[in-house]
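The data block below is run-v4.txt; it holds compact mmCIF, C-alpha atoms and all ligand atoms.
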# COMPACT_ATOMS: atom_id res chain seq x y z
CA MET G 16 198.26 -13.98 115.18
CA ARG G 17 197.99 -12.31 118.50
CA MET G 18 194.42 -13.48 118.85
CA ILE G 19 195.21 -17.12 118.00
CA SER G 20 198.14 -17.24 120.30
CA GLY G 21 195.83 -15.60 122.83
CA ARG G 22 193.37 -18.48 122.59
CA THR G 23 195.86 -21.35 122.49
CA GLY G 24 198.77 -19.74 124.15
CA GLY G 25 198.76 -17.94 127.47
CA SER G 26 200.63 -18.77 130.62
CA ALA G 27 201.30 -22.40 131.62
CA CYS G 28 198.81 -22.09 134.42
CA GLN G 29 195.99 -20.97 132.06
CA GLN G 30 196.73 -23.89 129.70
CA ILE G 31 196.44 -26.46 132.45
CA LEU G 32 193.11 -24.98 133.55
CA ARG G 33 191.73 -25.08 129.99
CA ARG G 34 192.81 -28.70 129.46
CA ASP G 35 191.30 -29.63 132.77
CA ARG G 36 187.94 -28.11 131.80
CA ARG G 37 187.88 -30.11 128.54
CA PHE G 38 188.70 -33.23 130.48
CA ARG G 39 185.91 -32.55 132.97
CA LEU G 40 183.36 -32.08 130.17
CA SER G 41 184.18 -35.35 128.43
CA TYR G 42 184.17 -37.16 131.77
CA LEU G 43 180.66 -35.87 132.53
CA LEU G 44 179.38 -36.85 129.08
CA LEU G 45 180.73 -40.35 129.54
CA LEU G 46 179.11 -40.67 132.93
CA PHE G 47 175.77 -39.43 131.61
CA GLY G 48 175.85 -41.83 128.64
CA GLY G 49 176.86 -44.70 130.86
CA THR G 50 173.99 -44.04 133.28
CA LEU G 51 171.48 -43.92 130.43
CA LEU G 52 172.78 -47.22 129.12
CA THR G 53 172.61 -48.88 132.52
CA VAL G 54 169.07 -47.65 133.26
CA GLY G 55 167.88 -48.62 129.77
CA CYS G 56 169.14 -52.18 129.89
CA SER G 57 168.36 -53.28 133.40
CA ARG G 58 164.86 -51.67 133.62
CA LEU G 59 162.61 -53.75 135.93
CA ASP G 60 158.92 -53.09 135.45
CA MET G 61 156.46 -54.06 138.18
CA GLN G 62 154.60 -56.31 135.76
CA ASP G 63 157.75 -58.40 135.37
CA GLN G 64 158.09 -59.22 139.04
CA PRO G 65 157.66 -62.82 140.20
CA LYS G 66 153.94 -63.46 140.82
CA TYR G 67 151.06 -65.91 140.27
CA LYS G 68 148.47 -65.23 137.62
CA PRO G 69 144.85 -65.80 138.71
CA GLN G 70 143.88 -69.51 138.84
CA ARG G 71 147.46 -70.70 138.17
CA GLY G 72 148.62 -73.61 140.28
CA SER G 73 151.40 -73.43 142.81
CA ASP G 74 153.81 -75.93 144.36
CA PHE G 75 154.08 -73.82 147.46
CA PHE G 76 150.76 -74.65 149.10
CA ALA G 77 149.68 -78.19 149.93
CA ASP G 78 146.38 -77.85 148.05
CA GLY G 79 148.23 -76.88 144.85
CA ARG G 80 146.35 -73.59 144.50
CA SER G 81 148.09 -70.24 144.42
CA GLY G 82 144.99 -68.31 145.52
CA ARG G 83 144.06 -68.62 149.17
CA PRO G 84 140.42 -69.23 150.11
CA GLU G 85 138.80 -66.88 152.63
CA VAL G 86 139.24 -67.88 156.24
CA ASP G 87 136.04 -69.57 157.44
CA GLY G 88 133.57 -67.07 158.80
CA THR G 89 135.03 -64.12 156.89
CA ILE G 90 132.43 -61.42 156.35
CA ALA G 91 132.99 -58.44 154.10
CA ARG G 92 132.28 -55.09 155.68
CA GLY G 93 128.59 -54.29 155.28
CA ALA G 94 127.66 -57.88 154.34
CA LEU G 95 126.84 -59.36 157.74
CA ASN G 96 123.19 -59.92 156.72
CA GLU G 97 122.36 -61.07 160.24
CA ASP G 98 118.62 -60.71 159.77
CA THR G 99 117.89 -64.17 158.35
CA ALA G 100 114.16 -63.44 158.03
CA TYR G 101 114.92 -60.53 155.71
CA TYR G 102 117.90 -61.90 153.81
CA ASP G 103 117.01 -65.61 153.64
CA GLY G 104 113.26 -65.63 154.27
CA GLU G 105 113.86 -68.13 157.07
CA ASP G 106 113.49 -68.12 160.83
CA ASP G 107 116.16 -69.39 163.23
CA ASN G 108 115.09 -73.01 162.62
CA GLY G 109 115.50 -72.66 158.87
CA ASP G 110 111.71 -72.66 158.26
CA ASP G 111 110.09 -70.25 155.79
CA VAL G 112 108.88 -67.12 157.58
CA ASP G 113 105.15 -66.52 157.52
CA VAL G 114 105.17 -62.78 158.20
CA PHE G 115 106.78 -60.05 156.15
CA PRO G 116 110.11 -59.05 157.73
CA ILE G 117 109.56 -55.52 156.37
CA ALA G 118 106.76 -52.99 156.75
CA VAL G 119 104.27 -53.23 153.88
CA ASP G 120 102.39 -50.15 152.74
CA LYS G 121 100.75 -49.05 149.50
CA PRO G 122 103.83 -47.51 147.82
CA PHE G 123 105.72 -50.72 148.65
CA ILE G 124 103.03 -52.88 147.02
CA GLU G 125 103.00 -50.56 144.00
CA ARG G 126 106.76 -50.94 143.70
CA GLY G 127 106.17 -54.71 143.81
CA GLN G 128 103.57 -54.45 141.06
CA GLN G 129 105.99 -52.61 138.83
CA ARG G 130 108.76 -55.17 139.45
CA TYR G 131 106.33 -58.10 139.12
CA ASP G 132 105.04 -56.86 135.79
CA ALA G 133 108.61 -56.52 134.54
CA TYR G 134 110.13 -59.75 135.85
CA CYS G 135 107.40 -62.30 136.56
CA SER G 136 104.41 -61.52 134.37
CA PRO G 137 106.04 -62.74 131.12
CA CYS G 138 105.54 -66.27 132.49
CA HIS G 139 103.12 -65.98 135.41
CA GLY G 140 100.74 -63.55 133.66
CA ARG G 141 99.65 -60.12 134.86
CA ILE G 142 97.10 -61.67 137.24
CA GLY G 143 99.29 -64.58 138.29
CA ASN G 144 97.29 -67.31 136.57
CA GLY G 145 100.43 -68.81 135.01
CA LEU G 146 99.51 -67.93 131.44
CA GLY G 147 102.08 -65.31 130.56
CA MET G 148 103.09 -64.68 126.99
CA ILE G 149 106.20 -66.88 127.17
CA VAL G 150 104.05 -69.78 128.40
CA ARG G 151 101.60 -69.24 125.59
CA ARG G 152 104.54 -69.56 123.22
CA GLY G 153 105.55 -72.91 124.65
CA PHE G 154 107.45 -72.45 127.93
CA LYS G 155 106.55 -74.75 130.83
CA GLN G 156 103.39 -73.51 132.50
CA PRO G 157 103.85 -72.50 136.14
CA PRO G 158 101.07 -73.15 138.65
CA SER G 159 98.53 -70.39 139.23
CA TYR G 160 99.15 -68.31 142.36
CA HIS G 161 95.45 -68.81 143.08
CA ILE G 162 95.61 -72.48 143.94
CA ASP G 163 95.12 -73.28 147.64
CA ARG G 164 98.67 -74.56 148.10
CA LEU G 165 100.24 -71.28 146.99
CA ARG G 166 97.58 -69.18 148.68
CA ASN G 167 98.50 -70.84 151.95
CA ALA G 168 102.25 -70.94 151.29
CA PRO G 169 104.25 -68.76 153.69
CA VAL G 170 105.84 -65.59 152.28
CA GLY G 171 109.24 -67.19 152.91
CA HIS G 172 108.45 -69.82 150.25
CA PHE G 173 107.99 -67.12 147.60
CA TYR G 174 111.21 -65.49 148.74
CA ASP G 175 112.98 -68.82 148.40
CA VAL G 176 111.62 -69.37 144.88
CA ILE G 177 112.74 -65.91 143.69
CA THR G 178 116.13 -66.22 145.39
CA ASN G 179 117.02 -69.83 144.55
CA GLY G 180 114.75 -70.75 141.65
CA TYR G 181 112.28 -73.64 141.59
CA GLY G 182 112.28 -76.55 139.15
CA ALA G 183 112.21 -75.14 135.63
CA MET G 184 112.27 -71.56 136.93
CA LEU G 185 115.66 -69.91 137.24
CA ASN G 186 116.44 -67.72 140.22
CA TYR G 187 116.21 -63.95 140.09
CA ALA G 188 118.74 -63.17 142.83
CA ALA G 189 121.03 -61.28 140.47
CA GLN G 190 118.28 -59.16 138.90
CA ILE G 191 116.06 -58.34 141.88
CA SER G 192 117.29 -56.74 145.13
CA VAL G 193 116.26 -58.25 148.47
CA ARG G 194 113.90 -55.36 149.16
CA ASP G 195 112.27 -55.64 145.73
CA ARG G 196 111.78 -59.40 146.23
CA TRP G 197 109.68 -58.65 149.31
CA ALA G 198 107.83 -55.92 147.40
CA ILE G 199 106.98 -58.44 144.65
CA ILE G 200 105.74 -60.93 147.26
CA ALA G 201 103.56 -58.22 148.83
CA TYR G 202 102.06 -57.64 145.38
CA ILE G 203 101.54 -61.38 144.82
CA ARG G 204 99.60 -61.43 148.11
CA ALA G 205 97.49 -58.53 146.76
CA LEU G 206 96.93 -60.49 143.53
CA GLN G 207 95.89 -63.57 145.51
CA TYR G 208 93.52 -61.49 147.60
CA SER G 209 92.07 -59.87 144.48
CA GLN G 210 90.88 -63.29 143.31
CA ASN G 211 89.70 -64.55 146.66
CA ALA G 212 88.14 -61.59 148.47
CA ASN G 213 85.12 -62.09 150.67
CA VAL G 214 82.32 -59.57 150.84
CA ASN G 215 82.34 -59.93 154.61
CA ASP G 216 85.88 -58.50 154.73
CA LEU G 217 84.29 -55.14 153.86
CA SER G 218 82.95 -52.75 156.45
CA ALA G 219 79.14 -52.73 156.76
CA ASP G 220 79.14 -49.36 155.05
CA ALA G 221 81.22 -50.49 152.08
CA ARG G 222 79.21 -53.67 151.79
CA THR G 223 76.08 -51.70 150.94
CA LYS G 224 77.88 -50.44 147.82
CA VAL G 225 78.52 -53.92 146.47
CA PRO G 226 75.73 -54.83 144.07
CA GLY G 227 73.65 -57.62 145.56
CA ALA G 228 75.37 -57.60 148.93
CA ASP G 229 72.73 -55.38 150.50
CA GLN G 230 69.82 -57.66 149.60
CA ILE G 231 67.66 -58.72 152.45
CA LEU G 232 68.82 -62.25 153.14
CA THR G 233 67.67 -64.84 155.58
CA ALA G 234 70.10 -65.79 158.35
CA GLU G 235 70.85 -69.09 156.56
CA GLN G 236 71.55 -67.34 153.26
CA LYS G 237 73.91 -64.94 155.03
CA ALA G 238 75.67 -67.83 156.74
CA ALA G 239 76.03 -69.64 153.42
CA LEU G 240 77.45 -66.53 151.78
CA ALA G 241 79.92 -65.82 154.57
CA ASN G 242 82.60 -68.02 153.11
CA GLU G 243 81.78 -67.47 149.49
CA PRO G 244 84.33 -65.44 147.53
CA ILE G 245 82.94 -62.44 145.66
CA VAL G 246 84.56 -63.63 142.49
CA PRO G 247 82.93 -66.92 141.59
CA LYS G 248 85.27 -69.81 140.94
CA ASP G 249 85.87 -69.82 137.23
CA SER G 250 86.94 -73.24 135.99
CA ASP G 251 88.84 -71.60 133.15
CA PHE G 252 90.83 -69.67 135.68
CA TYR G 253 91.74 -72.55 137.94
CA ASN G 254 92.03 -75.58 135.70
CA PHE G 255 94.22 -74.71 132.79
CA PRO G 256 95.12 -77.40 130.36
CA TYR G 257 98.50 -78.81 131.32
CA VAL G 258 99.87 -78.48 127.80
CA PRO G 259 99.84 -74.78 127.02
CA ALA G 260 97.78 -74.06 123.97
CA THR G 261 99.61 -71.88 121.51
CA PRO G 262 96.95 -69.99 119.60
CA SER G 263 97.38 -70.86 115.98
CA GLY G 264 98.51 -67.99 113.84
CA VAL G 265 100.59 -66.50 116.66
CA PRO G 266 104.20 -66.61 115.56
CA GLY G 267 106.06 -68.52 118.23
CA VAL G 268 108.70 -71.17 118.55
CA ASN G 269 106.18 -74.00 118.57
CA GLY G 270 103.08 -72.21 117.39
CA ALA G 271 101.21 -73.33 114.34
CA GLY G 272 101.93 -69.97 112.77
CA ALA G 273 105.58 -69.92 113.72
CA ALA G 274 107.41 -67.65 111.36
CA LYS G 275 110.21 -69.48 109.59
CA SER G 276 113.17 -67.32 108.81
CA ASN G 277 114.81 -67.30 105.39
CA GLN G 278 118.13 -66.48 106.98
CA PRO G 279 120.71 -69.28 106.80
CA GLU G 280 121.44 -71.02 110.12
CA ARG G 281 124.25 -69.39 112.02
CA LYS G 282 127.32 -71.61 112.11
C1 LIG R 301 110.74 -67.67 132.39
C2 LIG R 301 109.48 -67.93 133.02
C3 LIG R 301 109.33 -67.53 134.48
C4 LIG R 301 109.55 -66.30 135.05
C5 LIG R 301 110.02 -65.04 134.38
C6 LIG R 301 109.20 -66.46 136.44
N1 LIG R 301 108.79 -67.72 136.71
FE1 LIG R 301 108.11 -68.44 138.49
N2 LIG R 301 107.85 -70.26 137.64
C7 LIG R 301 108.09 -70.58 136.32
C8 LIG R 301 107.85 -71.99 136.11
C9 LIG R 301 107.99 -72.72 134.78
C10 LIG R 301 107.46 -72.52 137.35
C11 LIG R 301 107.15 -73.97 137.68
C12 LIG R 301 108.46 -74.64 137.94
C13 LIG R 301 108.37 -76.13 138.10
O1 LIG R 301 107.43 -76.58 138.77
O2 LIG R 301 109.26 -76.80 137.58
C14 LIG R 301 107.46 -71.40 138.29
C15 LIG R 301 107.06 -71.49 139.61
C16 LIG R 301 106.94 -70.42 140.46
C17 LIG R 301 106.34 -70.48 141.78
C18 LIG R 301 105.66 -71.70 142.39
C19 LIG R 301 106.55 -72.52 143.23
C20 LIG R 301 105.77 -73.68 143.82
O3 LIG R 301 105.82 -73.84 145.05
O4 LIG R 301 105.09 -74.41 143.06
C21 LIG R 301 106.42 -69.23 142.31
C22 LIG R 301 105.92 -68.79 143.67
C23 LIG R 301 107.06 -68.40 141.33
N3 LIG R 301 107.37 -69.14 140.21
C24 LIG R 301 107.32 -67.06 141.52
C25 LIG R 301 107.90 -66.25 140.55
C26 LIG R 301 108.21 -64.86 140.74
C27 LIG R 301 107.91 -64.08 142.01
C28 LIG R 301 108.77 -64.40 139.59
C29 LIG R 301 109.30 -63.03 139.29
C30 LIG R 301 110.35 -62.57 140.14
C31 LIG R 301 108.83 -65.51 138.66
N4 LIG R 301 108.29 -66.61 139.28
C32 LIG R 301 109.31 -65.43 137.37
C33 LIG R 301 108.50 -69.72 135.33
C34 LIG R 301 108.85 -68.41 135.53
Have the structure of the file written as structure tokens, please.
Amino acid sequence: MRMISGRTGGSACQQILRRDRRFRLSYLLLLFGGTLLTVGCSRLDMQDQPKYKPQRGSDFFADGRSGRPEVDGTIARGALNEDTAYYDGEDDNGDDVDVFPIAVDKPFIERGQQRYDAYCSPCHGRIGNGLGMIVRRGFKQPPSYHIDRLRNAPVGHFYDVITNGYGAMLNYAAQISVRDRWAIIAYIRALQYSQNANVNDLSADARTKVPGADQILTAEQKAALANEPIVPKDSDFYNFPYVPATPSGVPGVNGAGAAKSNQPERK
């Protein structure tokens, strides 16, 4: 009895204090709950802010687009590409450059060979005669690199073809870096030279090692040979039939031996 009265009873001053503490506790709870409720209901996520989604129109700008085009002449950092010979294969007049805008050495040509074999040989063939495997299976036959027109074409023309495509050939700008494009062209020049070398390009010493080149010739014979390529012109090599011949029995899209699938057509 004493204990109970001790808890609930006490002096008037103690009672007021105890009531006040209870009041304070319930007040705090209410405040806390209220804050939670307010925060929960009026939550504003960043994704809900007013904005334009990409490619959505807009009434705000006169051209009706929400996205703004770059200001004319804007250049991203590191993309100035001022060297037009290197980046476009053109001189200041917009003509194809005729000299390599990059130093060419053996490792560079070998890099070009590796890239050429990967990207170009499927159509142009490993020696550049235009009879790659895809052509033999029916794709349009490209011209041989060993025709006079392409032998005399400036390096900038090859760069243009790789970068922008040419007729039926798609461009390879996305697959092949600028540097690798020049490496491929250096290798194409090596390929062209390989089919059109002249014994007189060799040093006198090296010439003696070429079978037949050290024969004792009359002055007229030597003069006649001076412009003769070592590799004789092979009509097979230069004059391919226009319609690519698909060897029969080779399974290909159009080949006589084209394998017909038993699978149902995909809808
Ligand atoms: C998918 C087949 C294919 C591939 C791969 C291909 N080409 Fe071609 N290329 C062609 C065809 C086809 C033509 C002829 C286009 C025409 O005249 O319509 C051609 C034409 C060319 C020409 C001649 C342009 C002229 O002046 O007549 C050059 C040079 C050339 N390609 C370079 C390349 C190089 C370099 C690569 C590799 C980076 C390459 N091609 C990869 C199919 C291909």
Contacts of ligand LIG 301 (chain R), 8 Å or closer, all atoms listed in the file, given as a PDB file with C-alpha atoms, in the coordinates of the input:
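Written file, result-v2.pdb:
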ATOM      1  CA  ARG G 130     108.760 -55.170 139.450  1.00  0.00           C
ATOM      2  CA  TYR G 131     106.330 -58.100 139.120  1.00  0.00           C
ATOM      3  CA  TYR G 134     110.130 -59.750 135.850  1.00  0.00           C
ATOM      4  CA  CYS G 135     107.400 -62.300 136.560  1.00  0.00           C
ATOM      5  CA  SER G 136     104.410 -61.520 134.370  1.00  0.00           C
ATOM      6  CA  PRO G 137     106.040 -62.740 131.120  1.00  0.00           C
ATOM      7  CA  CYS G 138     105.540 -66.270 132.490  1.00  0.00           C
ATOM      8  CA  HIS G 139     103.120 -65.980 135.410  1.00  0.00           C
ATOM      9  CA  GLY G 145     100.430 -68.810 135.010  1.00  0.00           C
ATOM     10  CA  ILE G 149     106.200 -66.880 127.170  1.00  0.00           C
ATOM     11  CA  VAL G 150     104.050 -69.780 128.400  1.00  0.00           C
ATOM     12  CA  PHE G 154     107.450 -72.450 127.930  1.00  0.00           C
ATOM     13  CA  LYS G 155     106.550 -74.750 130.830  1.00  0.00           C
ATOM     14  CA  GLN G 156     103.390 -73.510 132.500  1.00  0.00           C
ATOM     15  CA  PRO G 157     103.850 -72.500 136.140  1.00  0.00           C
ATOM     16  CA  PRO G 158     101.070 -73.150 138.650  1.00  0.00           C
ATOM     17  CA  SER G 159      98.530 -70.390 139.230  1.00  0.00           C
ATOM     18  CA  TYR G 160      99.150 -68.310 142.360  1.00  0.00           C
ATOM     19  CA  ARG G 164      98.670 -74.560 148.100  1.00  0.00           C
ATOM     20  CA  LEU G 165     100.240 -71.280 146.990  1.00  0.00           C
ATOM     21  CA  ALA G 168     102.250 -70.940 151.290  1.00  0.00           C
ATOM     22  CA  HIS G 172     108.450 -69.820 150.250  1.00  0.00           C
ATOM     23  CA  PHE G 173     107.990 -67.120 147.600  1.00  0.00           C
ATOM     24  CA  TYR G 174     111.210 -65.490 148.740  1.00  0.00           C
ATOM     25  CA  VAL G 176     111.620 -69.370 144.880  1.00  0.00           C
ATOM     26  CA  ILE G 177     112.740 -65.910 143.690  1.00  0.00           C
ATOM     27  CA  GLY G 180     114.750 -70.750 141.650  1.00  0.00           C
ATOM     28  CA  TYR G 181     112.280 -73.640 141.590  1.00  0.00           C
ATOM     29  CA  GLY G 182     112.280 -76.550 139.150  1.00  0.00           C
ATOM     30  CA  ALA G 183     112.210 -75.140 135.630  1.00  0.00           C
ATOM     31  CA  MET G 184     112.270 -71.560 136.930  1.00  0.00           C
ATOM     32  CA  LEU G 185     115.660 -69.910 137.240  1.00  0.00           C
ATOM     33  CA  ASN G 186     116.440 -67.720 140.220  1.00  0.00           C
ATOM     34  CA  TYR G 187     116.210 -63.950 140.090  1.00  0.00           C
ATOM     35  CA  ILE G 191     116.060 -58.340 141.880  1.00  0.00           C
ATOM     36  CA  ARG G 196     111.780 -59.400 146.230  1.00  0.00           C
ATOM     37  CA  ILE G 199     106.980 -58.440 144.650  1.00  0.00           C
ATOM     38  CA  ILE G 200     105.740 -60.930 147.260  1.00  0.00           C
ATOM     39  CA  ILE G 203     101.540 -61.380 144.820  1.00  0.00           C
TER      40      ILE G 203
END
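Between atom CA of G:Lys68 and atom CA of G:Gly82 the interatomic distance comes to 9.2 Å.
The coordinates place atom CA of G:Arg141 at 12.3 Å from atom CA of G:Gly127.
Taking atom CA of G:Asp120 as the reference point, atom CA of G:Ala201 is found at 9.0 Å.
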message: Env of stretch 92-100 of chain G: 10 Å cut, atoms = all atoms listed in the file, seq-sep filter 2 positions within chain, self excluded. Answer as JSON, numbers by chain.
response: {"G": [89, 90, 102, 103, 104, 105, 106, 107, 109, 110, 111, 112, 113, 114, 115, 116, 117, 171, 174]}
query: At most 7 Å from (104.2, -53.6, 145.6), file frame, only C-alpha atoms: which residues, as JSON, numbers by chain?
result: {"G": [121, 122, 123, 124, 125, 126, 127, 128, 198, 199, 201, 202]}
Suppose we keep C-alpha atoms; can you now write the selection as a PDB file, keeping the file's coordinate frame?
ATOM      1  CA  LYS G 121     100.750 -49.050 149.500  1.00  0.00           C
ATOM      2  CA  PRO G 122     103.830 -47.510 147.820  1.00  0.00           C
ATOM      3  CA  PHE G 123     105.720 -50.720 148.650  1.00  0.00           C
ATOM      4  CA  ILE G 124     103.030 -52.880 147.020  1.00  0.00           C
ATOM      5  CA  GLU G 125     103.000 -50.560 144.000  1.00  0.00           C
ATOM      6  CA  ARG G 126     106.760 -50.940 143.700  1.00  0.00           C
ATOM      7  CA  GLY G 127     106.170 -54.710 143.810  1.00  0.00           C
ATOM      8  CA  GLN G 128     103.570 -54.450 141.060  1.00  0.00           C
ATOM      9  CA  ALA G 198     107.830 -55.920 147.400  1.00  0.00           C
ATOM     10  CA  ILE G 199     106.980 -58.440 144.650  1.00  0.00           C
ATOM     11  CA  ALA G 201     103.560 -58.220 148.830  1.00  0.00           C
ATOM     12  CA  TYR G 202     102.060 -57.640 145.380  1.00  0.00           C
TER      13      TYR G 202
END
Expected file for stretch 77-125 of chain G keeping C-alpha atoms, as a PDB file, in the first residue's frame:
ATOM      1  CA  ALA G  77      11.028  27.261 -82.625  1.00  0.00           C
ATOM      2  CA  ASP G  78      12.309  24.128 -84.367  1.00  0.00           C
ATOM      3  CA  GLY G  79      10.056  21.928 -82.211  1.00  0.00           C
ATOM      4  CA  ARG G  80      12.965  19.847 -80.907  1.00  0.00           C
ATOM      5  CA  SER G  81      13.784  19.559 -77.235  1.00  0.00           C
ATOM      6  CA  GLY G  82      17.425  18.574 -77.862  1.00  0.00           C
ATOM      7  CA  ARG G  83      19.719  21.365 -78.949  1.00  0.00           C
ATOM      8  CA  PRO G  84      22.127  20.764 -81.836  1.00  0.00           C
ATOM      9  CA  GLU G  85      25.818  21.518 -81.286  1.00  0.00           C
ATOM     10  CA  VAL G  86      26.837  25.068 -82.013  1.00  0.00           C
ATOM     11  CA  ASP G  87      28.482  25.196 -85.457  1.00  0.00           C
ATOM     12  CA  GLY G  88      32.190  24.547 -85.251  1.00  0.00           C
ATOM     13  CA  THR G  89      31.994  22.687 -81.932  1.00  0.00           C
ATOM     14  CA  ILE G  90      34.913  20.308 -81.535  1.00  0.00           C
ATOM     15  CA  ALA G  91      35.127  17.765 -78.754  1.00  0.00           C
ATOM     16  CA  ARG G  92      38.343  17.810 -76.783  1.00  0.00           C
ATOM     17  CA  GLY G  93      40.909  15.636 -78.547  1.00  0.00           C
ATOM     18  CA  ALA G  94      38.914  15.477 -81.803  1.00  0.00           C
ATOM     19  CA  LEU G  95      40.324  18.453 -83.697  1.00  0.00           C
ATOM     20  CA  ASN G  96      41.755  16.160 -86.418  1.00  0.00           C
ATOM     21  CA  GLU G  97      43.428  19.129 -88.072  1.00  0.00           C
ATOM     22  CA  ASP G  98      45.737  16.994 -90.188  1.00  0.00           C
ATOM     23  CA  THR G  99      43.438  16.491 -93.189  1.00  0.00           C
ATOM     24  CA  ALA G 100      46.021  14.376 -95.032  1.00  0.00           C
ATOM     25  CA  TYR G 101      46.043  11.878 -92.169  1.00  0.00           C
ATOM     26  CA  TYR G 102      42.385  11.961 -91.139  1.00  0.00           C
ATOM     27  CA  ASP G 103      40.699  12.522 -94.523  1.00  0.00           C
ATOM     28  CA  GLY G 104      43.360  11.427 -97.010  1.00  0.00           C
ATOM     29  CA  GLU G 105      42.983  14.805 -98.709  1.00  0.00           C
ATOM     30  CA  ASP G 106      45.175  17.845 -99.206  1.00  0.00           C
ATOM     31  CA  ASP G 107      44.011  21.418 -98.607  1.00  0.00           C
ATOM     32  CA  ASN G 108      42.263  21.498-102.002  1.00  0.00           C
ATOM     33  CA  GLY G 109      40.262  18.380-101.212  1.00  0.00           C
ATOM     34  CA  ASP G 110      42.302  16.210-103.623  1.00  0.00           C
ATOM     35  CA  ASP G 111      43.436  12.697-102.671  1.00  0.00           C
ATOM     36  CA  VAL G 112      46.947  12.772-101.212  1.00  0.00           C
ATOM     37  CA  ASP G 113      49.597  10.927-103.169  1.00  0.00           C
ATOM     38  CA  VAL G 114      52.120  10.417-100.368  1.00  0.00           C
ATOM     39  CA  PHE G 115      51.631   8.567 -97.113  1.00  0.00           C
ATOM     40  CA  PRO G 116      50.955  11.071 -94.304  1.00  0.00           C
ATOM     41  CA  ILE G 117      52.651   8.644 -91.888  1.00  0.00           C
ATOM     42  CA  ALA G 118      56.070   6.998 -91.814  1.00  0.00           C
ATOM     43  CA  VAL G 119      55.990   3.547 -93.408  1.00  0.00           C
ATOM     44  CA  ASP G 120      58.370   0.852 -92.211  1.00  0.00           C
ATOM     45  CA  LYS G 121      58.346  -2.940 -92.214  1.00  0.00           C
ATOM     46  CA  PRO G 122      56.453  -3.481 -88.929  1.00  0.00           C
ATOM     47  CA  PHE G 123      53.827  -1.006 -90.196  1.00  0.00           C
ATOM     48  CA  ILE G 124      53.409  -2.937 -93.464  1.00  0.00           C
ATOM     49  CA  GLU G 125      53.201  -6.196 -91.513  1.00  0.00           C
TER      50      GLU G 125
END
